[in-house]
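See structure below.
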Amino acid sequence: MMEFFKSMSLIQLENITKSYGKQQVLTDISLKINDGDRLGLVGRNGSGKTTLTNIIAGQVFDFEGKLNKAGHAKIGCFQQDAQLDSETTLRQEMLKVFHDLRNIEDEILLTCEKLDHQPGNQGLIDKLSLLQVEHEQLGGYDYEYQIEKTLYGLGFTELEFNLQVSLLSGGQKSRARLGKFLLQKPDLLLLDEPTNHLDINAIQWLEIFIKTEFKGAVLTISHDRYFLNRVSDKIVELNNYRIKEYRGNYTLYLKTKEIEDLTQERLYNKQQQRIAHEEEFIQRNIAGQRSREAKGRQKKLDRLKRIEKPTSQLPAMKLNFVTAVRGGNDILKCWDLGISFGGKAIFAGINAEVFRQDVVGLIGPNGVGKTTFFRLILGEIEPTLGKLKLGQNLKIGYYDQEMKGLNPSNTIINEISELKPDWTQEELRNYLARFLFWHDDVFKVITNLSNGEHARLIFSKLLLDQPNLLLLDEPTNHLDIPSIEALEVALNDYSGTILVISHDRHFLNKIANKFLVFGNGRAALFQGIYTEYEAHPQNHQRSETSTSVGGKKERRKKETLSKNDSSKERVLIATESKKTKRKKRKVSQNFLSQ
C-alpha cells in the first residue's frame with residue numbers, strides 16, 4: 001500500500017501566511033510533503049517552526065493560503081506536553097493506542113467460547129474468520145511486541161513497564177509520550193525536538209526506527225545536528241518568515257548554504273555600493289542643474305529590487321566566558337567514590353582525576369547518576385563511599401537543566417541589575433543585547449519566558465559570575481543551532497575547566513577532550529574526542545553480563561533489558577520476546593483448522 005502511494009503528496013501548503021496580531025510569523029509558505037519524505041525543519045527559536053507544524057497538523061486554522069491533505073493521510077504531531085493518565089501503568093498507557101485491536105481480540109475470545117458450546121455453528125465460524133482477517137489487518141498480536149520493543153528502545157526497563165505513570169520522572173514521562181506517539185504509526189510524523197529527554201542510546205534507537213522501520217513521511221524540528229544528519233534527506237530552512245528547501249542532509253545543507261551566502265554577500269555588498277553611489281548623486285544634484293537626472297535616478301532606485309542581507313550577517317548570541325581567579329592545576333580527584341539513596345546504590349568505585357582546562361563530557365543512560373555526580377561536586381550531598389576532593393580557589397558556575405536560579409517575578413533587566421546594581425540602564429540594555437534581548441524584551445517577566453529565553457538569561461548570569469569551573473547539565477536542550485554554535489566557540493575559548501552532561505553528540509565532539517562514561521553502577525574515564533569514543537564499540541557496547549556495584553557479575557535475566565544496553569541490543573532482545581507472542585494466535589486459529 002505504501003509503495004503505491006510512494007510519490008503521492010500527503011500534504012501540500014500553498015502560500016501560507018500567518019501572523020499573531022501585528023507580529024508576522026509566516027509569509028507565502030509553499031511546501032509539499034510526499035509519502036516517504038524525511039524532512040528536517042531548521043530555523044532560529046521564534047522563527048515560526050512550531051506554528052508551521054501546528055498548521056500542518058490541523059491545530060491552527062486562522063491563516064491565509066491553502067492546506068491540501070490527501071484523504072487517506074493520518075497525521076501525528078508529537079507534543080512534549082501531551083497528557084498521560086496518571087492512574088495507569090506505563091504498559092497500560094501504551095495499550096490505549098491499540099484500543100480497537102484489543103476490542104476485536106475480546107470479540108474473538110468471546111466467539112471462541114461460544115464455539116466451544118456450538119462447535120458446528122457456521123455463523124460463528126464465519127464471524128470468527130472475519131474477525132481474524134480484521135485483526136491481522138490491524139497488526140494482529142504483534143502489538144505487544146511493538147510496545148516492548150519501543151519501550152526498551154527508549155530506555156525503559158521491564159520493571160518500569162508496570163510503574164504507575166504518576167511515579168515516573170519528568171524525563172520518563174516525556175519518553176512515554178514519545179513511545180505512545182510512535183506506536184500510532186501515522187502516515188506523517190511531526191516531531192518537535194524529539195531528542196530533548198533521550199539518552200544517546202535512545203536517540204540512536206530512534207534514528208534506526210525512522211530510517212529502517214517507519215515507512216511514512218517524517219518532518220523533524222531538532223537542534224541535534226547528528227540526528228538531523230542521520231534521519232533527513234532534505235532540509236527546510238525557515239528564515240525571515242519564508243522557507244527554502246535544500247536537498248541532502250544537514251551537513252550538505254551547511255555546505256550549500258555557505259556557498260549561497262558568500263555569493264549573496266558579494267551581490268548584496270555590490271548593490272549597497274551602487275545604492276550609496278546613487279543616493280550620493282541624488283542628494284548632491286536634486287536641487288541643482290541636474291535635478292531632472294537626479295529625480296530619474298531616484299525613480300529607478302525606488303523600483304530597484306533589493307537583495308536581502310545574507311543570513312550569516314544576522315546577529316547571534318555573543319558569549320565570552322572569563323575567569324576572575326585562575327585556580328590550581330588539580331581540579332578534582334575521586335577515590336572509590338560511591339553514592340546510595342535509600343539503600344539503593346547509584347554508582348560506586350569511581351576513580352578519576354580532572355585537571356585545569358580539561359573539558360570532560362559526562363555520558364551514559366538516563367538515571368545512572370550523572371547529575372548526582374554534579375550534586376556531589378556542589379556539596380549538596382555527601383558520598384556514602386570513597387572520597388571526593390576539590391582543588392584550591394575554585395569558583396563554580398552551574399547550569400541546571402531544570403533552569404532554576406531565576407526569580408520568576410523579576411523582569412529580565414531586574415534579574416541582571418540585582419547582580420550589577422551599579423550599572424546604568426544603558427549598560428544593562430547593552431549587555432542583554434548580547435543575549436538577543438532587545439528593546440522591550442528586557443521588560444519581559446521571567447515566568448512568561450520561553451525555554452530558549454530562559455536558557456539565554458541563565459547564560460547571561462553565568463558569565464557575570466566569572467567561574468573557573470563550569471558544570472553544565474544539558475546546556476543545549478533549549479537553544480537553537482546558531483546559539484549552540486556560539487556556545488561552542490565560547491567554551492573552546494574559555495581558559496577554565498568544564499564538566500558537561502549532554503546527549504548532543506555534535507556538541508560533545510566540538511568541545512570535549514575526555515569522557516566520564518557512566519553505566520552498570522560505575523564510571524570509567526575515556527581520553528579522546530567523541531568520534532574516537534564512538535569508533536570503538538568496546539567503549540560503549542554492553543556485554544551480556546552486567547557488573548553490579550560491588551563488582552560481582554550477574555547474568556542478565558532472559559528478555560530483560562537494562563537501561564545501560566546499547567540501542568542495537570535493545571532491538572535484538574525485544575525481538576526474542578516476539579516469539580512468545582505468536583503462541584497467542586493459535587487460540588483462535590485452532591478453531592478454524594478443526
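Simple scheme: letters A, B, ... for chains in C-alpha cells order, numbers from 1 for residues in each chain, numbers from 1 for ligands in the order shown.
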With only C-alpha atoms as the counted atoms, please give the residues lying no more than 8 Å from range 192-204 of chain A, apart from itself and same-chain residues fewer than 5 positions off, as a PDB file with N, CA and C atoms, in the first residue's frame.
```pdb
ATOM      1  N   THR A  50       7.327  25.812  15.014  1.00  0.00           N
ATOM      2  CA  THR A  50       6.223  25.122  15.690  1.00  0.00           C
ATOM      3  C   THR A  50       4.879  25.565  15.129  1.00  0.00           C
ATOM      4  N   CYS A  77       1.254  14.487  15.432  1.00  0.00           N
ATOM      5  CA  CYS A  77       2.113  15.583  15.878  1.00  0.00           C
ATOM      6  C   CYS A  77       2.560  15.314  17.318  1.00  0.00           C
ATOM      7  N   PHE A  78       3.861  15.077  17.503  1.00  0.00           N
ATOM      8  CA  PHE A  78       4.391  14.801  18.835  1.00  0.00           C
ATOM      9  C   PHE A  78       4.501  16.093  19.622  1.00  0.00           C
ATOM     10  N   GLN A  79       3.888  16.093  20.817  1.00  0.00           N
ATOM     11  CA  GLN A  79       3.939  17.269  21.678  1.00  0.00           C
ATOM     12  C   GLN A  79       4.489  16.873  23.041  1.00  0.00           C
ATOM     13  N   GLN A  80       5.469  17.655  23.511  1.00  0.00           N
ATOM     14  CA  GLN A  80       6.114  17.352  24.781  1.00  0.00           C
ATOM     15  C   GLN A  80       5.139  17.428  25.959  1.00  0.00           C
ATOM     16  N   GLY A 153      13.585   0.339  23.554  1.00  0.00           N
ATOM     17  CA  GLY A 153      14.387   1.242  22.735  1.00  0.00           C
ATOM     18  C   GLY A 153      14.534   2.614  23.352  1.00  0.00           C
ATOM     19  N   LEU A 154      13.481   3.082  24.044  1.00  0.00           N
ATOM     20  CA  LEU A 154      13.505   4.400  24.664  1.00  0.00           C
ATOM     21  C   LEU A 154      14.111   4.383  26.066  1.00  0.00           C
ATOM     22  N   GLY A 155      14.670   3.223  26.456  1.00  0.00           N
ATOM     23  CA  GLY A 155      15.452   3.170  27.685  1.00  0.00           C
ATOM     24  C   GLY A 155      14.714   2.715  28.922  1.00  0.00           C
ATOM     25  N   GLY A 171      11.449  13.370  32.782  1.00  0.00           N
ATOM     26  CA  GLY A 171      12.097  12.829  31.593  1.00  0.00           C
ATOM     27  C   GLY A 171      11.463  11.525  31.142  1.00  0.00           C
ATOM     28  N   GLN A 172      11.107  10.659  32.097  1.00  0.00           N
ATOM     29  CA  GLN A 172      10.455   9.390  31.756  1.00  0.00           C
ATOM     30  C   GLN A 172       9.086   9.627  31.117  1.00  0.00           C
ATOM     31  N   SER A 174       8.220  12.204  29.387  1.00  0.00           N
ATOM     32  CA  SER A 174       8.460  12.685  28.030  1.00  0.00           C
ATOM     33  C   SER A 174       8.759  11.526  27.095  1.00  0.00           C
ATOM     34  N   ARG A 175       9.555  10.554  27.571  1.00  0.00           N
ATOM     35  CA  ARG A 175       9.850   9.376  26.753  1.00  0.00           C
ATOM     36  C   ARG A 175       8.602   8.518  26.552  1.00  0.00           C
ATOM     37  N   LEU A 178       6.554  10.073  23.826  1.00  0.00           N
ATOM     38  CA  LEU A 178       7.144   9.774  22.524  1.00  0.00           C
ATOM     39  C   LEU A 178       6.851   8.336  22.115  1.00  0.00           C
ATOM     40  N   THR A 220      10.933  16.735  10.989  1.00  0.00           N
ATOM     41  CA  THR A 220      11.565  16.855  12.303  1.00  0.00           C
ATOM     42  C   THR A 220      12.090  18.259  12.550  1.00  0.00           C
ATOM     43  N   ILE A 221      11.690  18.835  13.695  1.00  0.00           N
ATOM     44  CA  ILE A 221      12.337  20.042  14.212  1.00  0.00           C
ATOM     45  C   ILE A 221      13.343  19.581  15.251  1.00  0.00           C
ATOM     46  N   SER A 222      14.608  19.938  15.069  1.00  0.00           N
ATOM     47  CA  SER A 222      15.609  19.499  16.035  1.00  0.00           C
ATOM     48  C   SER A 222      16.829  20.402  15.982  1.00  0.00           C
ATOM     49  N   HIS A 223      17.463  20.573  17.159  1.00  0.00           N
ATOM     50  CA  HIS A 223      18.748  21.266  17.223  1.00  0.00           C
ATOM     51  C   HIS A 223      19.897  20.260  17.251  1.00  0.00           C
ATOM     52  N   ASP A 224      19.559  18.956  17.211  1.00  0.00           N
ATOM     53  CA  ASP A 224      20.567  17.894  17.267  1.00  0.00           C
ATOM     54  C   ASP A 224      21.074  17.637  15.845  1.00  0.00           C
ATOM     55  N   PHE A 227      21.537  13.998  14.728  1.00  0.00           N
ATOM     56  CA  PHE A 227      20.229  13.393  14.471  1.00  0.00           C
ATOM     57  C   PHE A 227      19.690  13.839  13.115  1.00  0.00           C
ATOM     58  N   GLY A 364      26.129   8.645  29.339  1.00  0.00           N
ATOM     59  CA  GLY A 364      25.579   7.396  29.842  1.00  0.00           C
ATOM     60  C   GLY A 364      24.069   7.472  29.840  1.00  0.00           C
ATOM     61  N   PRO A 365      23.396   6.348  30.045  1.00  0.00           N
ATOM     62  CA  PRO A 365      21.930   6.329  30.025  1.00  0.00           C
ATOM     63  C   PRO A 365      21.329   7.255  31.079  1.00  0.00           C
ATOM     64  N   ASN A 366      20.072   7.612  30.876  1.00  0.00           N
ATOM     65  CA  ASN A 366      19.363   8.408  31.877  1.00  0.00           C
ATOM     66  C   ASN A 366      19.269   7.627  33.193  1.00  0.00           C
ATOM     67  N   ASN A 477      19.775  21.924  25.413  1.00  0.00           N
ATOM     68  CA  ASN A 477      18.405  21.432  25.252  1.00  0.00           C
ATOM     69  C   ASN A 477      17.439  22.457  24.674  1.00  0.00           C
ATOM     70  N   HIS A 503      23.568  14.987  25.719  1.00  0.00           N
ATOM     71  CA  HIS A 503      23.295  13.908  24.767  1.00  0.00           C
ATOM     72  C   HIS A 503      23.520  14.399  23.339  1.00  0.00           C
ATOM     73  N   ASP A 504      23.970  15.664  23.195  1.00  0.00           N
ATOM     74  CA  ASP A 504      24.204  16.252  21.873  1.00  0.00           C
ATOM     75  C   ASP A 504      25.598  15.849  21.405  1.00  0.00           C
ATOM     76  N   ARG A 505      25.648  14.853  20.532  1.00  0.00           N
ATOM     77  CA  ARG A 505      26.920  14.263  20.125  1.00  0.00           C
ATOM     78  C   ARG A 505      27.788  15.244  19.337  1.00  0.00           C
ATOM     79  N   ASP A 565      21.962  -0.907  28.182  1.00  0.00           N
ATOM     80  CA  ASP A 565      22.248  -1.628  26.957  1.00  0.00           C
ATOM     81  C   ASP A 565      22.174  -0.699  25.761  1.00  0.00           C
ATOM     82  N   SER A 566      22.968  -1.023  24.753  1.00  0.00           N
ATOM     83  CA  SER A 566      23.002  -0.190  23.564  1.00  0.00           C
ATOM     84  C   SER A 566      21.704  -0.301  22.798  1.00  0.00           C
ATOM     85  N   SER A 567      21.489   0.640  21.850  1.00  0.00           N
ATOM     86  CA  SER A 567      20.236   0.668  21.105  1.00  0.00           C
ATOM     87  C   SER A 567      20.050  -0.615  20.286  1.00  0.00           C
TER      88      SER A 567
END
```
Please run DSSP on the backbone and report, as number ranges by chain, all residues within range 50-259 of chain A that come out as alpha helix (DSSP H).
A: 50-56, 90-95, 99-117, 122-137, 143-153, 170-184, 200-208, 225-231, 250-259
Save out the residues we just selected, C-alpha atoms, as a CSV table (one decimal), in the first residue's frame.
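Wrote it out as again24.csv, contents follow:
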```csv
chain,number,residue,atom,x,y,z
A,50,THR,CA,6.2,25.1,15.7
A,51,THR,CA,3.5,27.3,14.2
A,52,LEU,CA,4.1,25.8,10.8
A,53,THR,CA,3.9,22.2,12.1
A,54,ASN,CA,0.7,23.1,14.0
A,55,ILE,CA,-0.8,24.3,10.8
A,56,ILE,CA,0.2,21.0,9.1
A,90,LEU,CA,3.3,2.7,31.6
A,91,ARG,CA,2.3,-0.5,29.7
A,92,GLN,CA,-1.4,0.2,30.1
A,93,GLU,CA,-0.9,3.7,28.7
A,94,MET,CA,0.8,2.2,25.6
A,95,LEU,CA,-2.0,-0.3,25.2
A,99,HIS,CA,-7.9,0.0,21.8
A,100,ASP,CA,-9.7,-1.1,18.6
A,101,LEU,CA,-7.5,-4.0,18.1
A,102,ARG,CA,-8.0,-5.3,21.7
A,103,ASN,CA,-11.7,-4.9,21.3
A,104,ILE,CA,-11.5,-7.3,18.3
A,105,GLU,CA,-9.5,-9.7,20.4
A,106,ASP,CA,-12.2,-9.7,23.0
A,107,GLU,CA,-14.7,-10.5,20.3
A,108,ILE,CA,-12.5,-13.3,19.0
A,109,LEU,CA,-12.2,-14.8,22.5
A,110,LEU,CA,-16.0,-14.5,23.1
A,111,THR,CA,-16.7,-16.1,19.7
A,112,CYS,CA,-14.3,-18.9,20.5
A,113,GLU,CA,-16.1,-19.5,23.9
A,114,LYS,CA,-19.4,-19.8,22.0
A,115,LEU,CA,-17.9,-22.2,19.6
A,116,ASP,CA,-16.8,-24.4,22.5
A,117,HIS,CA,-20.6,-25.0,23.2
A,122,GLN,CA,-21.4,-22.0,10.7
A,123,GLY,CA,-22.4,-18.4,11.6
A,124,LEU,CA,-19.9,-18.3,14.4
A,125,ILE,CA,-17.2,-19.8,12.3
A,126,ASP,CA,-17.8,-17.2,9.6
A,127,LYS,CA,-17.8,-14.4,12.2
A,128,LEU,CA,-14.5,-15.7,13.7
A,129,SER,CA,-12.9,-15.8,10.2
A,130,LEU,CA,-13.9,-12.2,9.5
A,131,LEU,CA,-12.7,-11.1,12.9
A,132,GLN,CA,-9.3,-12.7,12.3
A,133,VAL,CA,-8.9,-11.0,9.0
A,134,GLU,CA,-9.7,-7.6,10.5
A,135,HIS,CA,-7.4,-8.4,13.4
A,136,GLU,CA,-4.5,-9.3,11.2
A,137,GLN,CA,-5.0,-6.2,9.0
A,143,TYR,CA,1.2,-5.1,19.1
A,144,GLU,CA,2.6,-6.3,22.4
A,145,TYR,CA,5.9,-7.0,20.8
A,146,GLN,CA,5.8,-3.4,19.3
A,147,ILE,CA,5.1,-2.0,22.8
A,148,GLU,CA,8.0,-3.9,24.3
A,149,LYS,CA,10.4,-3.0,21.5
A,150,THR,CA,9.5,0.7,21.7
A,151,LEU,CA,9.8,1.0,25.5
A,152,TYR,CA,13.1,-1.0,25.5
A,153,GLY,CA,14.4,1.2,22.7
A,170,GLY,CA,9.6,14.3,34.0
A,171,GLY,CA,12.1,12.8,31.6
A,172,GLN,CA,10.5,9.4,31.8
A,173,LYS,CA,7.0,10.9,31.1
A,174,SER,CA,8.5,12.7,28.0
A,175,ARG,CA,9.8,9.4,26.8
A,176,ALA,CA,6.5,7.7,27.5
A,177,ARG,CA,4.7,10.4,25.4
A,178,LEU,CA,7.1,9.8,22.5
A,179,GLY,CA,6.7,6.0,22.8
A,180,LYS,CA,2.9,6.3,22.7
A,181,PHE,CA,3.1,8.6,19.7
A,182,LEU,CA,5.5,6.3,17.7
A,183,LEU,CA,3.2,3.3,18.3
A,184,GLN,CA,0.4,5.1,16.5
A,200,ILE,CA,22.3,8.7,23.4
A,201,ASN,CA,21.3,5.1,23.2
A,202,ALA,CA,17.6,6.0,22.9
A,203,ILE,CA,18.4,8.7,20.2
A,204,GLN,CA,20.3,6.0,18.2
A,205,TRP,CA,17.4,3.7,18.5
A,206,LEU,CA,15.0,6.4,17.3
A,207,GLU,CA,17.4,7.0,14.3
A,208,ILE,CA,17.2,3.3,13.4
A,225,ARG,CA,22.8,18.1,14.2
A,226,TYR,CA,23.9,14.4,14.4
A,227,PHE,CA,20.2,13.4,14.5
A,228,LEU,CA,19.3,15.7,11.5
A,229,ASN,CA,22.2,14.2,9.5
A,230,ARG,CA,21.1,10.7,10.1
A,231,VAL,CA,17.3,11.0,9.6
A,250,TYR,CA,22.3,18.8,7.4
A,251,THR,CA,26.0,18.7,6.5
A,252,LEU,CA,25.2,19.1,2.8
A,253,TYR,CA,22.8,21.9,3.6
A,254,LEU,CA,25.5,23.8,5.5
A,255,LYS,CA,28.0,23.5,2.6
A,256,THR,CA,25.4,24.6,0.0
A,257,LYS,CA,24.2,27.5,2.2
A,258,GLU,CA,27.8,28.6,2.8
A,259,ILE,CA,28.3,28.9,-1.0
```
Could you tell me, as a ChimeraX atom specification, which residues of range 23-196 of chain A DSSP assigns to strand (DSSP E or B) when given the backbone?
/A:23-34,38-42,64-69,75-78,89,164,188-192
I'd like the contact shell of Phe374 in chain A - 12 Å cut-off, only C-alpha atoms, skipping same-chain residues fewer than 3 positions apart - returned as a list of chain:residue names.
A:Leu332, A:Ile339, A:Leu362, A:Gly369, A:Lys370, A:Thr371, A:Ile377, A:Leu378, A:Gly379, A:Glu380, A:Ile381, A:Glu382, A:Pro383, A:Leu388, A:Ile396, A:Gly397, A:Tyr398, A:Tyr399, A:Asp400, A:Gln401, A:Leu469, A:Leu470, A:Leu471, A:Leu472, A:Asp473, A:Ile498, A:Leu499, A:Val500, A:Ile501
Can you tell me which residues surround range 14-21 of chain A at a distance of at most 9 Å, considering only C-alpha atoms, apart from same-chain residues fewer than 6 positions away, and format the answer as a ChimeraX atom specification?
/A:27-32,51-52,62-68,241
Can I get the selected residues back with C-alpha atoms, as a compact mmCIF listing (two decimals), in the first residue's frame?
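Full text of again_14.txt as output:
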```txt
# COMPACT_ATOMS: atom_id res chain seq x y z
CA THR A 27 4.80 34.63 4.66
CA ASP A 28 3.82 32.84 1.42
CA ILE A 29 4.94 29.39 2.58
CA SER A 30 4.59 26.69 -0.08
CA LEU A 31 5.71 23.16 0.72
CA LYS A 32 4.90 19.66 -0.50
CA THR A 51 3.49 27.33 14.18
CA LEU A 52 4.14 25.76 10.78
CA ASP A 62 -6.74 31.07 11.17
CA PHE A 63 -4.20 31.56 8.38
CA GLU A 64 -4.17 32.74 4.78
CA GLY A 65 -3.47 30.34 1.93
CA LYS A 66 -4.37 26.71 1.26
CA LEU A 67 -3.63 23.46 3.07
CA ASN A 68 -4.38 20.35 1.00
CA TYR A 241 9.09 34.28 7.61
```
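With only C-alpha atoms taken into account, the protein and nucleic acid residues at most 7 Å from Asn468 in chain A (excluding it and anything under 5 positions from it in its own chain) are Thr323, Val325, Arg326, Gly327, Leu394, Lys395, Ile396, Gly496 and Thr497 of chain A.
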Using only C-alpha atoms, pick whichever of A:Asn239, A:Asn320, A:Asn249, A:Ser232 has the shortest atom-to-atom distance to Glu308 in chain A.
A:Asn239
Within 10 Å of Arg434 in chain A using only C-alpha atoms, minus same-chain residues under 6 positions, as a PyMOL selection string:
chain A and resi 315-320+456+460
Please dump the current selection as a PDB file, in the first residue's frame; keep C-alpha atoms.
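Dumped everything to result_20.pdb:
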```
ATOM      1  CA  PRO A 315      23.129  38.900  14.866  1.00  0.00           C
ATOM      2  CA  ALA A 316      23.987  35.884  17.042  1.00  0.00           C
ATOM      3  CA  MET A 317      24.301  35.475  20.803  1.00  0.00           C
ATOM      4  CA  LYS A 318      27.694  36.811  21.982  1.00  0.00           C
ATOM      5  CA  LEU A 319      29.301  34.775  24.759  1.00  0.00           C
ATOM      6  CA  ASN A 320      32.655  35.370  26.379  1.00  0.00           C
ATOM      7  CA  ARG A 456      19.915  32.630  27.320  1.00  0.00           C
ATOM      8  CA  SER A 460      23.951  35.889  30.823  1.00  0.00           C
TER       9      SER A 460
END
```
